[in-house]
Amino acid sequence: MDRAAIEELWTFTDYSWREYEDAIRLHGDATLIAPAPGSGWPALRDALTHINWAYVRWLADPAGTTDEPVERVESWDELNAYRGRVLGHAREYFDSLGDDELMRPREMNVDGETMRYSPADIFAHAFLHERQHHGDLNTLLYQHGIEVPIVEYRFSLPER
């Protein structure tokens, strides 16, 4: 996964977030924090903060994963502020890496186990982690009676 491919994943991830924001935000913060029994997530906010926490877990410290707790939010504004901070840090880290450094595997402490990953591997992992939770978001939206957005890669292409 090279720099250009990661940038494309980043663009798709930003596009996807906006699609979910458009679907959820107009229903107000009460929907964001409303219980969603049977979904596996207590509420939409829990799934959404978990998605963003993964960027903290995997990218806050290049030497290893962190056990920093997931931030609790009560509103979409707080959620967007959290996302802005964690992705802002991720962007700074990404931009600080030269192409060789981005692609070079290095030792990383993953929950106490030393593993070898390149920073590019970890960026791809974090972005794909977010995508993997879209099904959870869709289930939560369905439970709240909210129309699920169509989030497809091809629709993000005009943003390039």
# chains A, B, ... in the order shown; residues from 1 in each chain; ligands from 1
$ select_by_dssp --residues "stretch 10-156 of chain A" --states "strand (DSSP E)" --output "VMD selection string"
chain A and resid 106 to 110 113 to 117
$ closest_atom_pairs --of "stretch 101-127 of chain A" --to "stretch 85-93 of chain A" --cutoff "12 Å" --atoms "only C-alpha atoms" --output "CSV"
residue,atom,partner,partner_atom,distance
A:Glu101,CA,A:Tyr93,CA,11.4
A:Leu102,CA,A:Tyr93,CA,10.0
A:Pro119,CA,A:Tyr93,CA,9.5
A:Ala120,CA,A:Tyr93,CA,11.2
A:Ile122,CA,A:Ala90,CA,10.8
A:Phe123,CA,A:Ala90,CA,8.5
A:Ala124,CA,A:Ala90,CA,11.9
A:Ala126,CA,A:Ala90,CA,10.1
A:Phe127,CA,A:Leu87,CA,10.6
$ write_last_selection --atoms "all heavy atoms" --output "tab-separated table (two decimals), in the first residue's frame"
chain	number	residue	atom	x	y	z
A	101	GLU	N	10.21	5.63	4.47
A	101	GLU	CA	9.85	5.41	5.87
A	101	GLU	C	8.41	4.88	5.99
A	101	GLU	O	8.13	4.02	6.82
A	101	GLU	CB	10.00	6.71	6.65
A	101	GLU	CG	9.89	6.56	8.13
A	101	GLU	CD	10.11	7.87	8.87
A	101	GLU	OE1	10.11	8.95	8.23
A	101	GLU	OE2	10.28	7.80	10.09
A	102	LEU	N	7.52	5.38	5.15
A	102	LEU	CA	6.13	4.92	5.15
A	102	LEU	C	6.03	3.44	4.83
A	102	LEU	O	5.21	2.72	5.40
A	102	LEU	CB	5.33	5.74	4.13
A	102	LEU	CG	3.85	5.41	3.98
A	102	LEU	CD1	3.08	5.75	5.25
A	102	LEU	CD2	3.27	6.16	2.78
A	119	PRO	N	4.41	1.64	8.62
A	119	PRO	CA	3.37	2.62	8.89
A	119	PRO	C	2.24	2.55	7.85
A	119	PRO	O	1.07	2.72	8.19
A	119	PRO	CB	4.11	3.96	8.84
A	119	PRO	CG	5.50	3.60	9.27
A	119	PRO	CD	5.75	2.25	8.65
A	120	ALA	N	2.57	2.26	6.60
A	120	ALA	CA	1.54	2.13	5.56
A	120	ALA	C	0.56	1.02	5.92
A	120	ALA	O	-0.66	1.17	5.73
A	120	ALA	CB	2.18	1.86	4.20
A	122	ILE	N	-0.29	0.02	8.87
A	122	ILE	CA	-1.12	0.46	9.99
A	122	ILE	C	-2.14	1.50	9.54
A	122	ILE	O	-3.30	1.47	9.98
A	122	ILE	CB	-0.23	0.99	11.14
A	122	ILE	CG1	0.68	-0.12	11.65
A	122	ILE	CG2	-1.07	1.57	12.27
A	122	ILE	CD1	-0.04	-1.38	12.12
A	123	PHE	N	-1.76	2.41	8.65
A	123	PHE	CA	-2.75	3.35	8.12
A	123	PHE	C	-3.86	2.60	7.38
A	123	PHE	O	-5.05	2.88	7.59
A	123	PHE	CB	-2.09	4.38	7.20
A	123	PHE	CG	-1.53	5.56	7.92
A	123	PHE	CD1	-0.19	5.62	8.25
A	123	PHE	CD2	-2.35	6.62	8.29
A	123	PHE	CE1	0.33	6.70	8.93
A	123	PHE	CE2	-1.85	7.71	8.97
A	123	PHE	CZ	-0.51	7.75	9.30
A	124	ALA	N	-3.49	1.66	6.54
A	124	ALA	CA	-4.51	0.88	5.80
A	124	ALA	C	-5.39	0.12	6.78
A	124	ALA	O	-6.63	0.10	6.63
A	124	ALA	CB	-3.83	-0.08	4.83
A	126	ALA	N	-6.16	0.90	9.89
A	126	ALA	CA	-7.06	1.83	10.59
A	126	ALA	C	-8.22	2.27	9.70
A	126	ALA	O	-9.37	2.31	10.14
A	126	ALA	CB	-6.27	3.04	11.10
A	127	PHE	N	-7.92	2.58	8.44
A	127	PHE	CA	-9.00	3.00	7.52
A	127	PHE	C	-9.95	1.85	7.22
A	127	PHE	O	-11.17	2.04	7.17
A	127	PHE	CB	-8.43	3.58	6.23
A	127	PHE	CG	-7.82	4.94	6.41
A	127	PHE	CD1	-6.54	5.20	5.96
A	127	PHE	CD2	-8.50	5.97	7.02
A	127	PHE	CE1	-5.95	6.44	6.12
A	127	PHE	CE2	-7.94	7.22	7.19
A	127	PHE	CZ	-6.66	7.46	6.74
$ closest_residue --among "A:Tyr15, A:Ala4, A:Tyr20, A:Asn109" --to "A:Arg154" --atoms "only C-alpha atoms"
A:Tyr15
$ closest_residue --among "A:Thr31, A:Ser39, A:Thr65, A:Thr11" --to "A:Thr114" --atoms "only C-alpha atoms"
A:Thr65
$ atom_distance --atom1 "atom CA of A:Trp58" --atom2 "atom CA of A:Glu113"
13.9 Å
$ residues_around --residues "stretch 149-151 of chain A" --least-positions-apart "5" --cutoff "7 Å" --atoms "only C-alpha atoms" --output "mmCIF file with C-alpha atoms, in the first residue's frame"
data_model
loop_
_atom_site.group_PDB
_atom_site.id
_atom_site.type_symbol
_atom_site.label_atom_id
_atom_site.label_comp_id
_atom_site.auth_asym_id
_atom_site.auth_seq_id
_atom_site.Cartn_x
_atom_site.Cartn_y
_atom_site.Cartn_z
ATOM 1 C CA SER A 16 -18.116 7.832 4.089
ATOM 2 C CA GLU A 19 -22.556 10.326 4.330
ATOM 3 C CA TYR A 20 -23.197 8.881 7.780
ATOM 4 C CA ALA A 23 -27.942 10.525 7.668
#
$ select_by_dssp --residues "chain A" --states "helix (DSSP H, G or I)" --output "PyMOL selection string"
chain A and resi 3-25+29-33+44-59+76-96+99-103+119-132+134-143+153-159
$ residues_around --residues "A:Thr13" --least-positions-apart "5" --cutoff "9 Å" --atoms "only C-alpha atoms" --output "list in words"
Glu8, Arg18, Phe127, Leu128, Glu130, Arg131 and Ser156 of chain A
$ write_last_selection --atoms "N, CA, C and O atoms" --output "PDB file, in the first residue's frame"
ATOM      1  N   GLU A   8      -6.126   7.645  -1.248  1.00  0.00           N
ATOM      2  CA  GLU A   8      -7.448   7.266  -1.767  1.00  0.00           C
ATOM      3  C   GLU A   8      -8.325   6.688  -0.663  1.00  0.00           C
ATOM      4  O   GLU A   8      -9.521   6.989  -0.592  1.00  0.00           O
ATOM      5  N   ARG A  18     -18.935  11.653   6.035  1.00  0.00           N
ATOM      6  CA  ARG A  18     -19.909  12.702   5.706  1.00  0.00           C
ATOM      7  C   ARG A  18     -21.275  12.103   5.358  1.00  0.00           C
ATOM      8  O   ARG A  18     -22.310  12.661   5.714  1.00  0.00           O
ATOM      9  N   PHE A 127      -7.923   2.585   8.437  1.00  0.00           N
ATOM     10  CA  PHE A 127      -9.001   3.002   7.525  1.00  0.00           C
ATOM     11  C   PHE A 127      -9.953   1.852   7.223  1.00  0.00           C
ATOM     12  O   PHE A 127     -11.173   2.039   7.172  1.00  0.00           O
ATOM     13  N   LEU A 128      -9.417   0.675   7.025  1.00  0.00           N
ATOM     14  CA  LEU A 128     -10.278  -0.476   6.733  1.00  0.00           C
ATOM     15  C   LEU A 128     -11.072  -0.892   7.969  1.00  0.00           C
ATOM     16  O   LEU A 128     -12.205  -1.386   7.848  1.00  0.00           O
ATOM     17  N   GLU A 130     -12.436   1.186  10.011  1.00  0.00           N
ATOM     18  CA  GLU A 130     -13.624   2.049   9.963  1.00  0.00           C
ATOM     19  C   GLU A 130     -14.645   1.485   8.974  1.00  0.00           C
ATOM     20  O   GLU A 130     -15.833   1.378   9.276  1.00  0.00           O
ATOM     21  N   ARG A 131     -14.171   1.089   7.813  1.00  0.00           N
ATOM     22  CA  ARG A 131     -15.075   0.544   6.792  1.00  0.00           C
ATOM     23  C   ARG A 131     -15.764  -0.724   7.289  1.00  0.00           C
ATOM     24  O   ARG A 131     -16.938  -0.949   7.016  1.00  0.00           O
ATOM     25  N   SER A 156     -17.240   8.155  -4.171  1.00  0.00           N
ATOM     26  CA  SER A 156     -16.226   9.049  -3.620  1.00  0.00           C
ATOM     27  C   SER A 156     -15.237   9.501  -4.694  1.00  0.00           C
ATOM     28  O   SER A 156     -14.465  10.436  -4.461  1.00  0.00           O
TER      29      SER A 156
END
